[in-house]
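Here the structure comes first, spelled out in structure tokens, and everything after it is commentary.
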Number of protein chains: 2
Amino acid sequence: MKIAIAQLNPIVGDIEGNAKTILEAAQTAFNQGARLLLTPELSLCGYPPRDLLLNPSFVKSMSIELEKLAQQIPPELAVLVGTVDLNPNAASRGEKPLYNSIAFLEQNQIQQIFHKRLLPTYDVFDEDRYFESGRESHAFKIFPSPQASNFVKVGVTICEDLWNDEEFWGKRNYEASPIEDLAQLEVDFVVNLSASPYSVNKQKLRESMLLHSVTKYKVPIIYNNQVGGNDDLIFDGNSFAYNRQGEICCRAKSFETDLILLDFSEEKQDFLPATIHPLPKTQEEEIFSALVLGLKDYAYKCGFTKVVLGLSGGIDSSLVATIAVKAMGKDNVLGVLMPSPYSSEHSITDAEALVKNLEIKSYQLPIAPAMKVYDQILDPLFAGTQSGIAEENIQSRIRGNLLMAIANKFGYLLLSTGNKSEMAVGYCTLYGDMNGGLAVISDVPKTEVFSICHWLNRHEEIIPHHVLIKPPSAELKPGQLDQDSLPPYEILDDILARMIHHHQSISEIVNTGHDLDTVKKVMKMVMRAEFKRKQAPPGLKITDRAFGTGWRMPIASRWL
Amino acid sequence: MKIAIAQLNPIVGDIEGNAKTILEAAQTAFNQGARLLLTPELSLCGYPPRDLLLNPSFVKSMSIELEKLAQQIPPELAVLVGTVDLNPNAASRGEKPLYNSIAFLEQNQIQQIFHKRLLPTYDVFDEDRYFESGRESHAFKIFPSPQASNFVKVGVTICEDLWNDEEFWGKRNYEASPIEDLAQLEVDFVVNLSASPYSVNKQKLRESMLLHSVTKYKVPIIYNNQVGGNDDLIFDGNSFAYNRQGEICCRAKSFETDLILLDFSEEKQDFLPATIHPLPKTQEEEIFSALVLGLKDYAYKCGFTKVVLGLSGGIDSSLVATIAVKAMGKDNVLGVLMPSPYSSEHSITDAEALVKNLEIKSYQLPIAPAMKVYDQILDPLFAGTQSGIAEENIQSRIRGNLLMAIANKFGYLLLSTGNKSEMAVGYCTLYGDMNGGLAVISDVPKTEVFSICHWLNRHEEIIPHHVLIKPPSAELKPGQLDQDSLPPYEILDDILARMIHHHQSISEIVNTGHDLDTVKKVMKMVMRAEFKRKQAPPGLKITDRAFGTGWRMPIASRWL
């Protein structure tokens with residue numbers, strides 16, 4: 001029995017468009033001889049639909065499109081579609097109004113509906129906000145061909161449903177265990193239809209986690225993931241399957257849509273070997289590919305074809321420009337150099353070298369005249385005060401204003417270029433360099449920015465050599481260096497990782513060898529910068545704890 | 001038996017400071033002869049603590065402070081303190097690690113712990129992210145005096161626990177019914193310890209909802225609410241009690257901390273009449289008071305004593321300035337007039353009249369020279385293009401930059417002045433007039449802004465008369481009026497309320513008499529402005545659906 005795994009890239013909310021994509025995948029799969037087609041979690045509306053689910057007309061649209069799909073799909077092809085299902089008992093039982101569901105379509109009918117049981121409520125996930133947990137796990141029966149006398153029994157799980165292996169995690173994450181229930185139903189294999197966001201090394205985690213389940217329950221598993229960028233979330237695809245022996249027998253592309261075919265042999269009661277696309281070779285390649293996809297899809301899904309960014313000659317804007325060229329094409333990237341009297345000569349020469357390497361368009365707009373006019377306007381209030389942060393911020397905001405003017409005038413998407421280390425400690429200017437529709441590397445720590453840039457240069461110079469070796473500086477006053485205000489980035493990034501990712505306390509971090517005053521200072525800076533992060537653009541998430549929808553901190557608070 | 005109800009205003013995360021406040025309340029209550037002191041939900045850490053709860057050291061601090069409190073409180077006074085409790089079975093049962101709890105302290109001991117059972121996950125609430133639901137409802141026994149031979153039995157509920165009256169709501173909201181369980185325990189009365197955020201008319205809803213429960217179960221109820229502003233949320237206090245007959249027998253102040261005493265007569269098995277503070281007389285007074293508190297607390301809790309805002313001579317900035325004067329004192333409010341060549345004469349004269357009425361300081365900073373310098377800098381790119389939105393935004397951003405420069409230089413909190421109607425349709429400039437640490441009226445529709453301003457003028461002119469009668473204009477190009485781009489505000493606000501608050505579809509809204517094209521246009525504008533709202537400052541929430549933590553919409557989406 002041929003099974004097609006559709007690794008789709010839906011547009012959130014575009015129910016009609018997504019239905020069309022599913023139909024096209026169904027036609028292709030059918031033409032290639034598939035009997036069963038899988039699509040990801042909520043493939044009809046795209047994941048995550050978030051508060052669109054609160055609109056009854058949105059939910060209604062999904063059920064209309066699902067009915068239409070059932071009519072349009074070749075009747076001989078069975079298809080699993082991700083959709084929502086109304087909970088008829090919500091009002092009487094005090095339950096949530098919807099189920100996160102999979103519809104099993106065959107013979108022009110919705111044959112069966114499966115409900116997601118384990119609903120994540122950590123990090124970026126709010127599934128309890130909309131959905132009721134399914135009470136039971138179920139399977140469907142499918143005859144491999146009209147002539148077949150025996151059916152194949154397929155257990156259905158939705159994303160988080162398989163993220164509860166007590167032995168793997170060392171603790172139980174949820175009360176229910178869908179795979180245990182399905183194993184008791186003696187299914188031939190299990191499908192897991194997912195929309196699982198990317199983070200560094202996530203695919204290795206998925207594969208080792210599911211290997212544990214395959215081995216324990218002796219059941220083959222097909223994992224089908226969504227692909228594409230949706231706001232801050234990047235979905236990496238990487239759909240794959242394990243055979244009964246715990247061997248990977250197919251893997252779809254990373255960071256690209258794909259449709260792969262897999263054979264289930266009724267005789268062997270197992271999947272046959274199929275195409276296995278390799279994973280990215282290095283962490284740098286993986287992150288770079290993720291960011292390219294995240295930017296490409298954010299721009300495309302928001303309707304932009306061109307992007308603009310400020311080029312400071314620094315490593316952050318150099319990396320973002322390189323990502324932009326890969327995502328949008330070099331003709332669609334505009335770099336703007338905005339030197340001030342405090343800018344070093346190399347800020348220009350390095351930016352120009354990058355422009356040359358990337359073959360992008362650029363303009364130079366010196367900001368001195370604007371700095372002067374702000375000084376004049378503010379003189380009645382500022383006369384006699386010492387030049388400081390206020391004046392530094394004015395420069396950054398002049399640049400932000402110029403970039404937004406260009407973006408507004410020509411319909412470009414402005415990219416902001418701040419990294420995670422800066423965003424953490426607030427070493428950035430709100431309404432200045434933070435301006436943008438998308439913060440491309442705001443979840444990439446500065447040390448990782450360096451690694452990726454070195455990796456980019458592995459064959460030829462893309463990031464100009466001098467950008468990689470000069471000490472980072474905001475160049476907002478004469479002779480300024482990042483290290484005047486911040487600990488060295490190796491130290492800063494380690495403290496930040498412990499604080500942000502591992503929830504370590506001051507004393508725990510100090511016990512790993514860090515200086516007490518430095519740790520205290522960093523922690524205070526992180527807490528105080530919350531008001532800036534509150535107003536940051538969406539930032540592409542590449543770690544398991546990004547400053548975005550999954551970071552929910554009070555601003556007016558006093559902790560520490 | 002005397003019961004003291006402490007309507008406290010905690011600072012989120014300031015566990016030590018909040019413990020001190022609870023101790024002071026305990027001492028005052030004890031001196032006034034109280035036997036039992038109530039404090040609000042999570043009174044030890046303040047509500048909502050949000051992701052601070054993910055830090056084990058934060059949770060540890062609470063248990064340390066709770067132990068200390070137990071030692072320090074007069075042993076004869078029983079106190080209910082809001083705290084969190086570790087769930088010892090989390091890892092083995094697959095449950096959440098914490099309980100949202102109430103600790104019952106007496107005789108220097110933690111005598112009993114109560115767990116919240118109904119955890120809200122709608123609007124701004126994410127309680128499933130941190131907490132496990134309590135399985136049962138419990139009561140504690142208290143002897144009114146050392147000589148008393150009979151105890152009083154008090155049932156404990158936490159906030160949402162009482163928001164599940166099937167008859168009142170016309171549907172069940174949760175499976176469990178804590179008050180039903182407590183009624184079966186034959187409690188003498190029920191306490192409900194809450195942190196219930198304000199929205200318009202919320203107190204009337206609470207009182208009518210609880211009246212239903214009191215009547216149905218024939219049990220007196222004390223409702224104790226937190227007061228104060230925490231980021232976008234305003235807590236209105238209004239703690240109150242119903243006696244067994246369903247009569248309000250006490251009510252604390254609205255929008256102020258309070259400590260009120262209530263007598264429970266063992267003989268009558270009921271509460272005796274006590275002080276009943278009246279509710280605000282009008283909706284305008286109620287909203288105005290809420291916004292004053294929200295601003296005051298945001299500034300105080302963030303460490304600001306002074307605020308600055310731009311004065312355009314329009315109604316929005318006039319209202320925000322008036323709120324600021326009430327919240328911060330007139331000496332702590334700075335108004336900045338920033339006329340451009342497109343500004344009307346009345347934009348200056350009206351702003352000056354307001355400055356005079358409010359007796360605040362002001363400066364006038366004309367922006368024409370800055371506009372000119374941006375034109376010059378951008379001329380190489382913009383030459384030959386038509387002046388439009390880009391140029392309008394530059395003006396707004398020059399003003400935003402000047403205001404932030406003043407805020408940065410003197411340590412003022414910048415207030416943004418946009419209303420909800422503008423924020424909904426995106427009739428505002430990102431990094432321009434949207435700049436600020438707090439958006440004071442971003443949840444107040446324009447029509448309500450007018451109502452509040454008329455109410456402010458009921459005794460004397462505070463908002464200059466001409467501000468109330470002139471047609472609204474952004475004055476970013478010659479002769480511009482809001483109504484050139486938007487439907488009249490009465491129509492716009494009605495469409496917005498139907499869309500945002502009632503989740504109505506286009507056809508449902510059209511069926512109420514609105515024009516199809518207008519409805520479609522408004523809905524599209526709302527969807528498209530999501531990227532602006534994503535980067536907006538926290539905005540004080542006064543409705544049941546604000547653009548803030550409780551509004552979770554995708555940006556790169558296509559719906560409609």
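Labeling convention for the structure tokens: chains A, B, ... as they appear, residues from 1 per chain, ligands from 1 in order of appearance.
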- request: Residues of chain B near chain A: apply a cut-off of 6 Å, count only C-alpha atoms, and supply the list as a PyMOL selection string.
  value: chain B and resi 12-14+50-51+55+91-94+121-122+129+171-175+231+301-302+370+373+390+405+408-409+431+503+535-537+552-553+556-559
- request: Please provide as a PyMOL selection string all residues within 12 Å of Glu24 of chain B, with the sequence filter that same-chain residues fewer than 3 positions apart are discarded (counting only C-alpha atoms).
  value: chain B and resi 6+8+17-21+27-31+37+39+69+72-74+259
- prompt: Hey, what's within 9 Å of His115 of chain A if we count only C-alpha atoms and toss same-chain stuff fewer than 3 positions away? As a list in words, please?
  reply: Val84, Asp85, Tyr99, Asn100, Ser101, Ile102, Glu132, Ser133, Gly134, Arg135, Glu136, Ser137, His138, Val156, Thr157 and Ile158 of chain A
Only N, CA and C atoms, please: the residues just picked out, written as a CSV table (one decimal), in the first residue's frame.
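After the write, result-v5.csv holds the following:
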chain,number,residue,atom,x,y,z
A,84,VAL,N,-10.7,21.4,12.5
A,84,VAL,CA,-11.3,21.5,13.8
A,84,VAL,C,-12.7,20.8,13.8
A,85,ASP,N,-13.1,20.4,14.9
A,85,ASP,CA,-14.4,19.7,15.0
A,85,ASP,C,-15.1,20.3,16.2
A,99,TYR,N,-12.4,20.7,19.0
A,99,TYR,CA,-11.4,19.7,19.1
A,99,TYR,C,-10.4,20.0,18.0
A,100,ASN,N,-9.1,19.9,18.3
A,100,ASN,CA,-8.1,19.9,17.2
A,100,ASN,C,-8.1,18.5,16.6
A,101,SER,N,-8.4,18.4,15.3
A,101,SER,CA,-8.9,17.1,14.8
A,101,SER,C,-8.2,16.8,13.5
A,102,ILE,N,-8.4,15.5,13.1
A,102,ILE,CA,-8.0,15.0,11.8
A,102,ILE,C,-9.2,14.3,11.2
A,132,GLU,N,-10.7,21.2,23.5
A,132,GLU,CA,-11.0,20.2,24.5
A,132,GLU,C,-10.1,19.0,24.1
A,133,SER,N,-9.6,18.3,25.2
A,133,SER,CA,-8.8,17.1,24.9
A,133,SER,C,-9.7,15.9,24.4
A,134,GLY,N,-9.2,15.2,23.4
A,134,GLY,CA,-9.9,14.0,23.0
A,134,GLY,C,-9.9,13.0,24.1
A,135,ARG,N,-10.9,12.2,24.3
A,135,ARG,CA,-10.9,11.2,25.4
A,135,ARG,C,-10.3,9.9,25.1
A,136,GLU,N,-10.3,9.5,23.8
A,136,GLU,CA,-9.8,8.2,23.4
A,136,GLU,C,-9.0,8.3,22.2
A,137,SER,N,-8.1,7.3,22.0
A,137,SER,CA,-7.4,7.2,20.7
A,137,SER,C,-8.0,6.2,19.8
A,138,HIS,N,-8.0,6.4,18.5
A,138,HIS,CA,-8.7,5.5,17.6
A,138,HIS,C,-7.8,5.2,16.4
A,156,VAL,N,-4.2,6.8,14.7
A,156,VAL,CA,-4.0,8.3,14.5
A,156,VAL,C,-3.6,9.0,15.7
A,157,THR,N,-2.5,9.8,15.6
A,157,THR,CA,-2.1,10.7,16.7
A,157,THR,C,-1.9,12.1,16.1
A,158,ILE,N,-2.0,13.1,16.9
A,158,ILE,CA,-1.8,14.4,16.4
A,158,ILE,C,-0.7,15.1,17.3
- prompt: Could you name the residues that touch Ala497 of chain A at 12 Å or less, counting only C-alpha atoms, but leaving out those on the same chain fewer than 5 positions away, as a list in words?
  reply: Lys420, Ser421, Ala424, Asp443, Val444, Pro445, Lys446, Thr447, Tyr489, Glu490, Ile491, Leu492, His502, His503, Gln504, Ser505, Ile509, Val519, Val522, Met523, Val526, Thr543, Asp544, Arg545 and Ala546 of chain A
Hey, can you spit out that residue selection with N, CA and C atoms as a PDB file, in the first residue's frame?
ATOM      1  N   LYS A 420      20.042  38.058  19.760  1.00  0.00           N
ATOM      2  CA  LYS A 420      19.376  37.706  21.008  1.00  0.00           C
ATOM      3  C   LYS A 420      20.089  38.270  22.243  1.00  0.00           C
ATOM      4  N   SER A 421      21.400  38.331  22.195  1.00  0.00           N
ATOM      5  CA  SER A 421      22.152  38.836  23.344  1.00  0.00           C
ATOM      6  C   SER A 421      21.776  40.297  23.616  1.00  0.00           C
ATOM      7  N   ALA A 424      18.233  40.611  24.868  1.00  0.00           N
ATOM      8  CA  ALA A 424      18.124  40.161  26.252  1.00  0.00           C
ATOM      9  C   ALA A 424      18.462  41.290  27.218  1.00  0.00           C
ATOM     10  N   ASP A 443      16.599  35.758  17.856  1.00  0.00           N
ATOM     11  CA  ASP A 443      16.724  34.588  18.735  1.00  0.00           C
ATOM     12  C   ASP A 443      18.096  33.909  18.577  1.00  0.00           C
ATOM     13  N   VAL A 444      19.017  34.603  17.885  1.00  0.00           N
ATOM     14  CA  VAL A 444      20.359  34.039  17.678  1.00  0.00           C
ATOM     15  C   VAL A 444      21.360  34.776  18.584  1.00  0.00           C
ATOM     16  N   PRO A 445      21.943  34.079  19.564  1.00  0.00           N
ATOM     17  CA  PRO A 445      22.915  34.741  20.429  1.00  0.00           C
ATOM     18  C   PRO A 445      24.118  35.229  19.616  1.00  0.00           C
ATOM     19  N   LYS A 446      24.765  36.278  20.112  1.00  0.00           N
ATOM     20  CA  LYS A 446      25.878  36.883  19.376  1.00  0.00           C
ATOM     21  C   LYS A 446      26.970  35.866  19.041  1.00  0.00           C
ATOM     22  N   THR A 447      27.281  34.983  19.978  1.00  0.00           N
ATOM     23  CA  THR A 447      28.345  34.001  19.698  1.00  0.00           C
ATOM     24  C   THR A 447      27.948  33.081  18.538  1.00  0.00           C
ATOM     25  N   TYR A 489      31.093  38.593  25.067  1.00  0.00           N
ATOM     26  CA  TYR A 489      29.909  37.855  24.611  1.00  0.00           C
ATOM     27  C   TYR A 489      29.924  36.385  25.002  1.00  0.00           C
ATOM     28  N   GLU A 490      31.108  35.760  25.095  1.00  0.00           N
ATOM     29  CA  GLU A 490      31.148  34.345  25.503  1.00  0.00           C
ATOM     30  C   GLU A 490      30.563  34.212  26.914  1.00  0.00           C
ATOM     31  N   ILE A 491      30.929  35.157  27.767  1.00  0.00           N
ATOM     32  CA  ILE A 491      30.435  35.119  29.147  1.00  0.00           C
ATOM     33  C   ILE A 491      28.966  35.503  29.190  1.00  0.00           C
ATOM     34  N   LEU A 492      28.633  36.597  28.506  1.00  0.00           N
ATOM     35  CA  LEU A 492      27.242  37.055  28.497  1.00  0.00           C
ATOM     36  C   LEU A 492      26.305  35.953  27.996  1.00  0.00           C
ATOM     37  N   HIS A 502      17.492  27.763  31.163  1.00  0.00           N
ATOM     38  CA  HIS A 502      17.520  26.763  32.233  1.00  0.00           C
ATOM     39  C   HIS A 502      16.949  27.283  33.541  1.00  0.00           C
ATOM     40  N   HIS A 503      16.438  28.519  33.541  1.00  0.00           N
ATOM     41  CA  HIS A 503      15.786  29.082  34.733  1.00  0.00           C
ATOM     42  C   HIS A 503      16.681  28.992  35.957  1.00  0.00           C
ATOM     43  N   GLN A 504      17.993  29.158  35.770  1.00  0.00           N
ATOM     44  CA  GLN A 504      18.892  29.076  36.923  1.00  0.00           C
ATOM     45  C   GLN A 504      18.859  30.373  37.730  1.00  0.00           C
ATOM     46  N   SER A 505      19.092  30.243  39.021  1.00  0.00           N
ATOM     47  CA  SER A 505      19.115  31.403  39.907  1.00  0.00           C
ATOM     48  C   SER A 505      20.510  32.017  39.897  1.00  0.00           C
ATOM     49  N   ILE A 509      24.090  30.110  38.932  1.00  0.00           N
ATOM     50  CA  ILE A 509      24.972  30.545  37.836  1.00  0.00           C
ATOM     51  C   ILE A 509      26.360  30.865  38.374  1.00  0.00           C
ATOM     52  N   VAL A 519      26.873  38.508  37.051  1.00  0.00           N
ATOM     53  CA  VAL A 519      25.602  37.783  36.932  1.00  0.00           C
ATOM     54  C   VAL A 519      24.444  38.680  37.370  1.00  0.00           C
ATOM     55  N   VAL A 522      23.800  41.381  34.731  1.00  0.00           N
ATOM     56  CA  VAL A 522      23.142  40.850  33.535  1.00  0.00           C
ATOM     57  C   VAL A 522      21.668  40.569  33.826  1.00  0.00           C
ATOM     58  N   MET A 523      21.406  39.950  34.957  1.00  0.00           N
ATOM     59  CA  MET A 523      20.017  39.615  35.289  1.00  0.00           C
ATOM     60  C   MET A 523      19.160  40.872  35.410  1.00  0.00           C
ATOM     61  N   VAL A 526      18.399  42.226  31.997  1.00  0.00           N
ATOM     62  CA  VAL A 526      17.373  41.431  31.306  1.00  0.00           C
ATOM     63  C   VAL A 526      15.978  41.823  31.804  1.00  0.00           C
ATOM     64  N   THR A 543      15.265  28.769  19.084  1.00  0.00           N
ATOM     65  CA  THR A 543      15.624  28.060  20.314  1.00  0.00           C
ATOM     66  C   THR A 543      14.343  27.615  21.015  1.00  0.00           C
ATOM     67  N   ASP A 544      14.526  26.862  22.092  1.00  0.00           N
ATOM     68  CA  ASP A 544      13.329  26.415  22.810  1.00  0.00           C
ATOM     69  C   ASP A 544      12.795  27.483  23.764  1.00  0.00           C
ATOM     70  N   ARG A 545      13.454  28.639  23.788  1.00  0.00           N
ATOM     71  CA  ARG A 545      12.921  29.739  24.604  1.00  0.00           C
ATOM     72  C   ARG A 545      13.310  31.066  23.961  1.00  0.00           C
ATOM     73  N   ALA A 546      12.421  31.553  23.117  1.00  0.00           N
ATOM     74  CA  ALA A 546      12.667  32.802  22.399  1.00  0.00           C
ATOM     75  C   ALA A 546      11.878  33.924  23.061  1.00  0.00           C
TER      76      ALA A 546
END
task: Do a neighbour search on segment 187-203 of chain A at 7 Å with only C-alpha atoms, toss out local chain neighbours closer than 3 positions, and write the hits as a ChimeraX atom specification.
output: /A:39-41,47,152-159,182-183,206-207,219-226,233-236,269,287,542-544
Could you turn the residues from that selection into a file that holds N, CA and C atoms, as a short mmCIF file (atom, residue, chain, number, x, y, z; two decimals), in the first residue's frame?
data_model
loop_
_atom_site.label_atom_id
_atom_site.label_comp_id
_atom_site.auth_asym_id
_atom_site.auth_seq_id
_atom_site.Cartn_x
_atom_site.Cartn_y
_atom_site.Cartn_z
N THR A 39 -1.65 14.60 5.62
CA THR A 39 -1.32 16.04 5.65
C THR A 39 -1.11 16.43 7.12
N PRO A 40 -0.44 17.55 7.37
CA PRO A 40 -0.10 17.89 8.76
C PRO A 40 -1.31 18.32 9.61
N GLU A 41 -1.06 18.47 10.88
CA GLU A 41 -2.02 18.99 11.86
C GLU A 41 -2.62 20.30 11.36
N TYR A 47 -1.11 26.17 10.89
CA TYR A 47 -0.83 26.23 12.33
C TYR A 47 0.18 27.31 12.60
N VAL A 152 -5.74 -2.87 6.60
CA VAL A 152 -4.62 -2.39 7.41
C VAL A 152 -5.22 -1.45 8.44
N LYS A 153 -4.72 -1.54 9.67
CA LYS A 153 -5.29 -0.74 10.76
C LYS A 153 -4.28 0.34 11.14
N VAL A 154 -4.70 1.58 11.02
CA VAL A 154 -3.78 2.71 11.21
C VAL A 154 -4.21 3.54 12.42
N GLY A 155 -3.33 3.67 13.38
CA GLY A 155 -3.62 4.48 14.56
C GLY A 155 -3.29 5.94 14.29
N VAL A 156 -4.16 6.83 14.74
CA VAL A 156 -3.98 8.26 14.45
C VAL A 156 -3.61 9.03 15.71
N THR A 157 -2.52 9.78 15.63
CA THR A 157 -2.14 10.70 16.71
C THR A 157 -1.85 12.06 16.10
N ILE A 158 -2.02 13.09 16.91
CA ILE A 158 -1.80 14.45 16.44
C ILE A 158 -0.69 15.08 17.29
N CYS A 159 0.40 15.38 16.65
CA CYS A 159 1.54 16.11 17.24
C CYS A 159 1.84 15.70 18.69
N LEU A 182 -3.15 2.90 21.51
CA LEU A 182 -3.17 2.41 20.13
C LEU A 182 -2.49 1.04 20.02
N ALA A 183 -1.43 0.86 20.79
CA ALA A 183 -0.75 -0.45 20.77
C ALA A 183 -1.72 -1.54 21.20
N ARG A 206 13.23 14.68 18.03
CA ARG A 206 12.04 13.95 17.55
C ARG A 206 12.38 12.51 17.19
N GLU A 207 13.49 12.36 16.45
CA GLU A 207 13.83 11.02 15.98
C GLU A 207 14.22 10.10 17.13
N VAL A 219 5.94 -0.84 16.95
CA VAL A 219 4.98 -0.37 15.96
C VAL A 219 5.65 0.68 15.07
N PRO A 220 5.52 0.52 13.74
CA PRO A 220 6.09 1.54 12.85
C PRO A 220 5.33 2.87 13.01
N ILE A 221 6.03 3.97 12.80
CA ILE A 221 5.41 5.30 12.94
C ILE A 221 5.76 6.17 11.75
N ILE A 222 4.77 6.84 11.22
CA ILE A 222 5.03 7.90 10.23
C ILE A 222 4.79 9.24 10.91
N TYR A 223 5.79 10.11 10.82
CA TYR A 223 5.71 11.44 11.40
C TYR A 223 5.61 12.43 10.25
N ASN A 224 4.50 13.16 10.19
CA ASN A 224 4.28 14.12 9.10
C ASN A 224 4.22 15.53 9.68
N ASN A 225 5.17 16.37 9.30
CA ASN A 225 5.24 17.72 9.88
C ASN A 225 4.91 18.79 8.85
N GLN A 226 4.35 19.88 9.35
CA GLN A 226 4.15 21.07 8.54
C GLN A 226 5.52 21.67 8.23
N LEU A 233 7.24 31.63 14.18
CA LEU A 233 7.51 30.19 14.16
C LEU A 233 7.97 29.70 12.79
N ILE A 234 8.99 28.86 12.83
CA ILE A 234 9.47 28.21 11.61
C ILE A 234 9.20 26.72 11.76
N PHE A 235 8.59 26.13 10.76
CA PHE A 235 8.35 24.68 10.78
C PHE A 235 9.32 24.06 9.78
N ASP A 236 10.08 23.08 10.26
CA ASP A 236 11.20 22.58 9.47
C ASP A 236 10.87 21.39 8.58
N GLN A 269 4.37 -6.67 6.87
CA GLN A 269 3.80 -5.89 7.97
C GLN A 269 4.73 -4.75 8.37
N ILE A 287 20.57 26.38 11.20
CA ILE A 287 19.98 27.66 11.64
C ILE A 287 19.83 28.60 10.46
N ILE A 542 14.38 30.21 16.98
CA ILE A 542 15.24 29.06 16.65
C ILE A 542 15.68 28.31 17.90
N THR A 543 15.26 28.77 19.08
CA THR A 543 15.62 28.06 20.31
C THR A 543 14.34 27.62 21.01
N ASP A 544 14.53 26.86 22.09
CA ASP A 544 13.33 26.41 22.81
C ASP A 544 12.80 27.48 23.76
#
task: Write out as a PyMOL selection string which residues come within 10 Å of Met1 of chain B when counting only C-alpha atoms, dropping same-chain ones fewer than 5 positions away.
output: chain B and resi 33-36+142-145+152+262-266+271
Those same residues - N, CA and C atoms - I'd like them written as a tab-separated table (two decimals), in the first residue's frame.
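The result, stored in selection25.tsv:
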chain	number	residue	atom	x	y	z
B	33	GLY	N	-9.28	44.17	66.25
B	33	GLY	CA	-10.08	43.09	66.83
B	33	GLY	C	-10.49	42.00	65.88
B	34	ALA	N	-9.87	41.96	64.72
B	34	ALA	CA	-10.26	40.92	63.76
B	34	ALA	C	-9.73	39.55	64.20
B	35	ARG	N	-10.49	38.53	63.87
B	35	ARG	CA	-10.10	37.15	64.14
B	35	ARG	C	-9.56	36.48	62.88
B	36	LEU	N	-10.01	37.00	61.74
B	36	LEU	CA	-9.65	36.40	60.44
B	36	LEU	C	-9.34	37.52	59.45
B	142	ILE	N	-12.83	27.52	62.26
B	142	ILE	CA	-12.22	28.58	63.06
B	142	ILE	C	-13.11	28.85	64.28
B	143	PHE	N	-12.48	28.91	65.45
B	143	PHE	CA	-13.23	29.25	66.66
B	143	PHE	C	-13.21	30.77	66.80
B	144	PRO	N	-14.40	31.39	66.87
B	144	PRO	CA	-14.49	32.85	66.90
B	144	PRO	C	-13.66	33.46	68.03
B	145	SER	N	-13.53	32.76	69.16
B	145	SER	CA	-12.72	33.27	70.27
B	145	SER	C	-12.19	32.06	71.03
B	152	VAL	N	-16.73	28.00	63.45
B	152	VAL	CA	-17.38	28.46	62.21
B	152	VAL	C	-16.65	27.76	61.08
B	262	LEU	N	-15.83	43.27	58.79
B	262	LEU	CA	-17.16	42.70	58.64
B	262	LEU	C	-17.36	41.76	59.82
B	263	ASP	N	-18.57	41.80	60.40
B	263	ASP	CA	-18.85	40.93	61.55
B	263	ASP	C	-19.69	39.74	61.13
B	264	PHE	N	-19.26	38.56	61.52
B	264	PHE	CA	-20.10	37.37	61.33
B	264	PHE	C	-20.73	37.04	62.68
B	265	SER	N	-22.05	37.09	62.72
B	265	SER	CA	-22.74	36.78	63.96
B	265	SER	C	-23.02	35.28	64.02
B	266	GLU	N	-22.44	34.62	65.01
B	266	GLU	CA	-22.64	33.18	65.13
B	266	GLU	C	-24.10	32.90	65.47
B	271	PHE	N	-23.70	37.60	58.24
B	271	PHE	CA	-22.91	38.82	58.38
B	271	PHE	C	-23.82	39.96	58.84
